[in-house]
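The structure appears right after this line, and notes come after that.
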Number of protein chains: 2
Amino acid sequence: MLTQQSTNDLYNDFCERMRRVADIKYAAAVLQWDQETYMPAQGADGRARQLATLSEIAHAHSTDAQLVNLVKELQGRGDLDAKQQRNVALTAEDIEKQQKFSNAFVRQLSEAVSKAFNAWIAARRENSFSHFSGALGELVVLKKQEADLLGYEAHPYNALVKDYEKSMDVGKLDAVFTAITGPLQQIMAQIAQQPQPDESFLHRFYPKQKQWDWGMYLVKELGFDLQSGRQDISEHPFTTNFSAKDVRITTRIDEQDFANMTWSCIHEAGHALYEQGLPDADYGLPSGEYASLSIHESQSRLWENSVGRGIDFWQHYYPVLQGYFPEALAGIELPHFYKAINKVKPSLIRTEADEITYHFHVKVRYQLEKELIGGEVAVQDIPARWNQLYHDNLGVTVPDDKNGCLQDVHWSHGSFGYFPTYSLGSFYASQFWAKANEQLPQLKEQLRSGNSQPLLQWLRKHIHAEGRLLESEDLCRKVTGEPLNINYFITYLKSKYTP
Amino acid sequence: MLTQQSTNDLYNDFCERMRRVADIKYAAAVLQWDQETYMPAQGADGRARQLATLSEIAHAHSTDAQLVNLVKELQGRGDLDAKQQRNVALTAEDIEKQQKFSNAFVRQLSEAVSKAFNAWIAARRENSFSHFSGALGELVVLKKQEADLLGYEAHPYNALVKDYEKSMDVGKLDAVFTAITGPLQQIMAQIAQQPQPDESFLHRFYPKQKQWDWGMYLVKELGFDLQSGRQDISEHPFTTNFSAKDVRITTRIDEQDFANMTWSCIHEAGHALYEQGLPDADYGLPSGEYASLSIHESQSRLWENSVGRGIDFWQHYYPVLQGYFPEALAGIELPHFYKAINKVKPSLIRTEADEITYHFHVKVRYQLEKELIGGEVAVQDIPARWNQLYHDNLGVTVPDDKNGCLQDVHWSHGSFGYFPTYSLGSFYASQFWAKANEQLPQLKEQLRSGNSQPLLQWLRKHIHAEGRLLESEDLCRKVTGEPLNINYFITYLKSKYTP
């Protein structure tokens with residue numbers, strides 16, 4: 001049958017089927033967004049069922065025999081253009097992966113994630129890992145099973161990490177974290193010689209409503225389109241989207257901590273600008289999706305740090321900020337503010353870390369995930385191991401689980417293998433930032449006048465519009481002329497932090 | 001195959017399949033809730049796609065051959081208990097109805113509804129029916145097609161009205177509206193002889209945030225469980241639910257109109273209390289659902305009017321209300337307040353109408369829907385016909401579309417046949433209210449002390465816990481000892497409004 005149809009008809013049929021799979025996945029994403037923002041507590045059981053059913057249906061549709069045949073037939077056609085070929089090839093890859101799971105396994109995993117997420121919320125409320133360990137344990141068993149089903153070489157964690165960054169594995173990640181550790185420690189040692197800024201004013205009283213208004217102002221200034229997105233409050237900040245025209249970010253507010261919300265807003269806005277810049281016409285197709293999680297994080301980290309912790313940016317926005325918080329910022333001049341928001345100091349919470357020690361936070365999670373998935377650490381031993389790793393890597397003593405192993409939402413989502421992309425993303429960010437500054441010689445000046453839109457347009461053109469047409473490394477090469485090179489990151493840090 | 005399995009196994013299989021269908025329908029309801037509360041404007045196209053796909057999938061699952069066979073087999077089994085029999089019989093009815101629609105028709109209808117809803121929002125913003133008429137026209141064509149597919153006797157509107165109240169048709173509804181018109185006009189004539197209260201204080205300035213706080217206080221006082229539900233803002237107030245443990249209500253706030261939000265809160269809370277009182281263990285089964293739309297409206301109208309416009313209720317809450325709005329209510333004593341909130345006066349907006357003229361609002365919509373579905377009135381002629389019917393039935397002149405034919409959301413949802421249930425619900429409400437007062441002799445006294453919970457418990461026991469086990473008329477007979485009798489409503493009005 002299929003062989004008689006024109007390639008064009010087949011490809012259109014393929015696209016429509018893919019859009020329907022996307023409809024189901026985005027519908028599930030709406031339910032998840034609601035779960036983390038507005039859902040009443042008692043809604044959890046029903047929501048878990050509903051998400052499990054949608055996951056199962058999405059899985060069934062994405063491995064449906066008719067779609068599978070269509071993809072096979074299209075792979076044999078010689079008259080697809082490059083983008084069409086890429087869409088078909090990536091879908092074939094995805095199908096091959098999905099076929100390794102049964103509908104029942106997908107359902108079970110979804111149910112375990114919902115259970116773990118609710119347990120994590122409860123555990124944070126009680127500040128006790130013990131409320132989380134049972135549900136997390138069940139989830140870890142399933143994630144190990146997932147690794148076995150997917151298959152792997154060398155280490156089961158490799159199977160999971162590839163979900164977030166296809167070209168990565170334990171060997172490469174070990175090498176990256178080893179390569180970065182020395183230079184980071186060297187820079188930290190140099191910083192330790194310098195006088196330390198007093199950042200206590202960041203912990204004065206910053207009223208909730210004012211912080212909210214400031215955060216909304218900020219994300220709009222960065223170019224986040226509120227006709228195609230919104231911001232809300234959640235336990236852990238995140239970005240999700242239901243199309244390029246409906247992108248949701250969340251934040252959280254601590255009245256005693258100015259930094260918490262501000263850089264979470266900038267970080268999530270960075271993700272959101274990427275999503276809003278993806279080719280909306282390719283809804284449901286790989287070419288309409290983000291390149292990889294590492295590239296996604298490169299966007300959030302670029303805005304958060306290269307832009308949002310830069311002196312040029314604050315030259316314009318600091319007076320505005322003072323208008324929002326005249327009391328808390330009374331007597332604090334810009335140079336002092338700038339030093340304080342860039343104070344390098346090992347701390348407990350990843351999302352609040354400076355851009356240097358941040359990578360030790362990631363390294364701890366990477367280490368622990370490897371051990372957990374590899375079976376070297378049992379779930380109930382996570383707090384002890386966490387605390388030890390924090391002591392060894394950051395030299396800090398973890399006082400309780402909320403400031404320790406309960407701080408991140410990711411494990412409750414079953415997202416093992418995600419964290420390394422935060423570091424990779426930061427490295428990509430520095431490389432993109434260097435290229436942007438080269439190609440936009442007025443960039444610093446533009447930022448100093450509060451105009452970040454030329455930078456956004458540059459990112460839109462070179463990265464966002466590319467969708468998932470290229471792998472991370474190839475995209476990096478296309479944008480910067482070379483593959484990922486951590487020296488850009490080191491150079492960036494040195495020029496910023498050392499005299 | 002099936003014939004070898006035990007009835008118990010078959011019934012359990014049936015239940016799980018039904019729960020999965022419910023999962024999909026509730027997921028769609030989450031997307032709809034989001035669409036009407038928080039979705040950014042540009043998200044509309046993606047959302048329309050997603051809802052269409054979910055509708056199609058829900059339809060496919062609810063007419064799936066395995067479910068159909070299961071239901072057939074179960075209908076032949078003699079060892080089902082009464083509740084099981086009812087669940088199977090109602091599902092068979094529903095399947096028979098759903099089988100009349102193709103998946104493609106269901107998808108088309110869903111797309112048309114999304115388009116019409118967005119057009120309605122735009123039309124309200126522009127205060128012009130012309131922005132709505134195109135999309136509404138397409139929807140009306142499909143609703144006529146739906147009536148044809150369903151089949152009907154006498155009038156195509158009968159096919160649609162049965163979706164909301166199975167036992168109703170044009171003949172019976174004509175009779176009800178005819179029967180009620182004379183007595184209502186008589187009471188109105190008597191009221192016209194009395195001195196008219198000055199209700200202008202209801203249009204003083206009632207600050208938004210204070211109204212919100214008051215509305216939240218009120219719904220909690222009525223027993224709305226915020227662990228199992230929430231309230232938000234939308235263009236048109238509504239209630240939806242995703243299980244008995246996740247019930248969402250919405251309201252709207254007009255700072256120049258105290259009545260608008262208050263009675264919408266009470267009305268929607270009435271719906272929500274019903275949903276929260278349904279048997280949660282029967283999630284996905286008819287026995288876990290509401291009896292009918294008329295019974296649903298009986299709950300909202302009972303709380304809104306019998307309770308919420310009663311002197312006993314305000315004896316307790318008026319002092320509280322004065323605490324919320326000390327300026328706007330300065331110098332207004334309870335008797336004056338009570339008279340004002342019960343002022344009978346033909347007006348433009350249904351949701352703000354007094355409990356007598358309200359039914360002329362419903363009558364207008366009923367008349368117009370019949371004419372529209374019957375082909376006697378064309379879509380583009382709706383404003384003119386609406387304005388004429390308002391002139392003829394309520395004696396008012398409609399100044400613009402927003403205060404006229406654009407005021408209600410229902411048509412944009414494709415809900416033709418829904419409006420009559422508002423009147424039927426009010427009549428049921430009076431009958432239930434009379435019985436409740438008979439069986440709870442302390443009721444008035446309890447309300448005077450701010451305790452509406454014995455009434456809620458009575459409704460829970462006699463109506464909510466029944467789910468959809470009985471048809472409206474049978475439920476009415478079980479609760480009150482007789483079928484629907486509009487004299488209870490007339491008697492209630494007479495004793496309240498005439499000396």
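Naming scheme: A, B, ... for chains in displayed order of the structure tokens; residues 1 onward per chain; ligands 1 onward as shown.
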Which residues are near Pro40 in chain A? Cut-off 10 Å, only C-alpha atoms, ignore same chain within fewer than 6 positions. Put them as a compact mmCIF listing (two decimals) with all heavy atoms, in the first residue's frame.
# COMPACT_ATOMS: atom_id res chain seq x y z
N ASP A 34 0.32 21.74 36.18
CA ASP A 34 -0.74 21.99 37.16
C ASP A 34 -0.41 21.32 38.49
O ASP A 34 -0.60 21.90 39.57
CB ASP A 34 -2.07 21.47 36.60
CG ASP A 34 -3.22 21.66 37.57
OD1 ASP A 34 -3.66 22.81 37.72
OD2 ASP A 34 -3.66 20.68 38.18
N ASP B 225 -14.00 22.14 50.33
CA ASP B 225 -12.73 21.66 50.89
C ASP B 225 -11.57 22.07 49.99
O ASP B 225 -11.42 21.54 48.88
CB ASP B 225 -12.81 20.13 51.03
CG ASP B 225 -11.50 19.52 51.52
OD1 ASP B 225 -10.56 20.28 51.85
OD2 ASP B 225 -11.42 18.28 51.56
N LEU B 226 -10.74 22.95 50.49
CA LEU B 226 -9.64 23.46 49.67
C LEU B 226 -8.44 22.52 49.60
O LEU B 226 -7.48 22.78 48.88
CB LEU B 226 -9.22 24.85 50.14
CG LEU B 226 -10.21 25.94 49.71
CD1 LEU B 226 -10.08 27.19 50.56
CD2 LEU B 226 -10.03 26.29 48.23
N GLN B 227 -8.50 21.42 50.33
CA GLN B 227 -7.51 20.37 50.12
C GLN B 227 -7.88 19.53 48.89
O GLN B 227 -7.06 18.81 48.35
CB GLN B 227 -7.44 19.44 51.35
CG GLN B 227 -6.81 20.08 52.57
CD GLN B 227 -5.36 20.44 52.32
OE1 GLN B 227 -4.55 19.60 51.97
NE2 GLN B 227 -5.03 21.73 52.47
N SER B 228 -9.14 19.64 48.52
CA SER B 228 -9.66 18.85 47.39
C SER B 228 -10.25 19.76 46.31
O SER B 228 -11.13 19.35 45.55
CB SER B 228 -10.74 17.88 47.85
OG SER B 228 -10.23 16.99 48.81
N GLY B 229 -9.79 20.99 46.29
CA GLY B 229 -10.32 21.91 45.29
C GLY B 229 -9.67 23.26 45.39
O GLY B 229 -8.85 23.50 46.28
N ARG B 230 -10.02 24.16 44.48
CA ARG B 230 -9.50 25.51 44.54
C ARG B 230 -10.43 26.45 43.77
O ARG B 230 -11.31 26.00 43.04
CB ARG B 230 -8.07 25.59 44.00
CG ARG B 230 -7.82 24.96 42.64
CD ARG B 230 -6.38 25.16 42.21
NE ARG B 230 -6.15 26.56 41.96
CZ ARG B 230 -5.27 27.32 42.61
NH1 ARG B 230 -4.49 26.79 43.51
NH2 ARG B 230 -5.16 28.61 42.35
N LYS B 245 -11.86 14.54 44.37
CA LYS B 245 -10.83 15.11 45.24
C LYS B 245 -10.09 16.28 44.58
O LYS B 245 -9.09 16.75 45.10
CB LYS B 245 -9.81 14.01 45.59
CG LYS B 245 -10.40 12.85 46.39
CD LYS B 245 -10.12 13.03 47.86
CE LYS B 245 -10.77 11.98 48.73
NZ LYS B 245 -10.02 10.73 48.81
N ASP B 246 -10.54 16.67 43.40
CA ASP B 246 -9.93 17.83 42.75
C ASP B 246 -11.02 18.56 41.97
O ASP B 246 -11.25 18.31 40.79
CB ASP B 246 -8.78 17.40 41.83
CG ASP B 246 -7.96 18.59 41.34
OD1 ASP B 246 -8.39 19.75 41.54
OD2 ASP B 246 -6.89 18.36 40.75
N VAL B 247 -11.68 19.46 42.68
CA VAL B 247 -12.83 20.17 42.14
C VAL B 247 -12.47 21.65 42.03
O VAL B 247 -12.05 22.26 43.01
CB VAL B 247 -14.06 19.98 43.05
CG1 VAL B 247 -15.26 20.73 42.48
CG2 VAL B 247 -14.39 18.48 43.22
N ARG B 248 -12.61 22.22 40.85
CA ARG B 248 -12.19 23.61 40.63
C ARG B 248 -13.39 24.51 40.36
O ARG B 248 -14.23 24.19 39.51
CB ARG B 248 -11.24 23.68 39.42
CG ARG B 248 -10.13 22.62 39.41
CD ARG B 248 -8.92 23.06 40.18
NE ARG B 248 -7.92 22.01 40.26
CZ ARG B 248 -6.72 22.03 39.64
NH1 ARG B 248 -6.40 23.06 38.89
NH2 ARG B 248 -5.87 21.04 39.80
(message) Just want the 8 Å neighbourhood of Ser452 in chain A, counted on only C-alpha atoms, with same-chain residues fewer than 4 positions away dropped. Output as a PyMOL selection string.
(response) chain A and resi 222+443+446-447+456
(request) Using only C-alpha atoms, determine which residues lie at most 7 Å from range 264-280 of chain A, disregarding the query and same-chain residues fewer than 2 positions distant; provide the list as a PyMOL selection string. (result) chain A and resi 215+219+224+237-239+244-245+247+249+251+260-262+282-283+288-289+296+299-301+303-304+308+460+464-465+467
Quick one: everything within 6 Å of range 110-119 of chain A, counting only C-alpha atoms, minus sequence neighbours fewer than 4 positions away in the same chain. Send it as a PDB file with N, CA and C atoms, in the first residue's frame.
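Final output, out-v5.pdb:
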ATOM      1  N   ALA A  48      -2.130  11.141  39.406  1.00  0.00           N
ATOM      2  CA  ALA A  48      -1.169  10.065  39.117  1.00  0.00           C
ATOM      3  C   ALA A  48      -1.759   9.090  38.103  1.00  0.00           C
ATOM      4  N   ALA A  52      -0.456   8.542  34.259  1.00  0.00           N
ATOM      5  CA  ALA A  52      -0.045   7.193  33.867  1.00  0.00           C
ATOM      6  C   ALA A  52      -0.766   6.780  32.582  1.00  0.00           C
ATOM      7  N   ALA A 123       8.332  15.133  52.099  1.00  0.00           N
ATOM      8  CA  ALA A 123       9.627  15.034  52.777  1.00  0.00           C
ATOM      9  C   ALA A 123      10.234  16.418  53.006  1.00  0.00           C
ATOM     10  N   PHE A 132      10.786  10.235  51.857  1.00  0.00           N
ATOM     11  CA  PHE A 132      10.999  10.158  50.412  1.00  0.00           C
ATOM     12  C   PHE A 132      11.608   8.810  50.012  1.00  0.00           C
ATOM     13  N   ALA A 135       9.463   5.754  48.270  1.00  0.00           N
ATOM     14  CA  ALA A 135       9.027   6.018  46.892  1.00  0.00           C
ATOM     15  C   ALA A 135      10.228   6.153  45.959  1.00  0.00           C
ATOM     16  N   LEU A 136      11.287   6.786  46.444  1.00  0.00           N
ATOM     17  CA  LEU A 136      12.484   6.931  45.609  1.00  0.00           C
ATOM     18  C   LEU A 136      13.101   5.563  45.313  1.00  0.00           C
ATOM     19  N   LEU A 139      11.361   3.911  42.564  1.00  0.00           N
ATOM     20  CA  LEU A 139      11.685   4.572  41.298  1.00  0.00           C
ATOM     21  C   LEU A 139      13.072   4.165  40.812  1.00  0.00           C
ATOM     22  N   SER A 412      12.962  13.010  42.054  1.00  0.00           N
ATOM     23  CA  SER A 412      11.549  12.644  42.231  1.00  0.00           C
ATOM     24  C   SER A 412      10.864  12.500  40.863  1.00  0.00           C
ATOM     25  N   HIS A 413      11.429  13.132  39.845  1.00  0.00           N
ATOM     26  CA  HIS A 413      10.900  12.970  38.475  1.00  0.00           C
ATOM     27  C   HIS A 413      11.511  11.761  37.772  1.00  0.00           C
TER      28      HIS A 413
END
(request) Write out as an MDAnalysis selection string each polymer residue whose atoms come within 7 Å of range 474-490 of chain B, counting only C-alpha atoms; drop sequence neighbours fewer than 2 positions from it. (result) chainID B and resid 427:428 430:432 435 462 470:472 492:494
(request) For CA of Phe313 in chain A and CA of Gly450 in chain A, quote the distance in Å rounded to one decimal. (result) 6.7 Å
(message) Env of Gly417 in chain A: 12 Å cut, atoms = only C-alpha atoms, seq-sep filter 5 positions within chain, self excluded. Answer as a VMD selection string.
(response) chain A and resid 143 147 156 to 166 168 to 170 173 293 to 294 362 to 363 365 to 373 410 to 411 422 to 423
(message) Between CA of Ala281 in chain B and CA of Gly223 in chain B, what is the distance in Å, rounded to a tenth?
(response) 20.5 Å
Please provide the set of residues having any atom within 7 Å of range 92-104 of chain B, restricted to only C-alpha atoms, with same-chain residues fewer than 2 positions apart removed, written as an mmCIF file with C-alpha atoms, in the first residue's frame.
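Ended up saving to part_35.cif:
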data_model
loop_
_atom_site.group_PDB
_atom_site.id
_atom_site.type_symbol
_atom_site.label_atom_id
_atom_site.label_comp_id
_atom_site.auth_asym_id
_atom_site.auth_seq_id
_atom_site.Cartn_x
_atom_site.Cartn_y
_atom_site.Cartn_z
ATOM 1 C CA GLU B 56 -10.730 11.680 19.684
ATOM 2 C CA HIS B 59 -14.055 8.589 22.009
ATOM 3 C CA ALA B 60 -11.985 5.745 20.573
ATOM 4 C CA SER B 62 -15.084 4.560 25.050
ATOM 5 C CA THR B 63 -16.228 2.748 21.917
ATOM 6 C CA VAL B 71 -20.429 -4.624 28.361
ATOM 7 C CA VAL B 88 -23.243 -1.559 32.918
ATOM 8 C CA ALA B 89 -26.634 -0.419 31.593
ATOM 9 C CA LEU B 90 -25.683 3.277 31.590
ATOM 10 C CA VAL B 106 -15.609 14.151 17.508
ATOM 11 C CA ARG B 107 -12.322 15.777 16.545
ATOM 12 C CA GLN B 108 -14.051 18.284 14.286
ATOM 13 C CA LEU B 149 -26.632 11.496 13.990
ATOM 14 C CA LEU B 150 -28.245 10.966 17.376
#
(message) According to DSSP computed on the backbone, where in range 43-280 of chain A is there helix (DSSP H, G or I)? Give the residues as a ChimeraX atom specification.
(response) /A:43-62,65-75,82-98,103-126,130-150,156-161,170-193,200-203,208-221,258-277,280
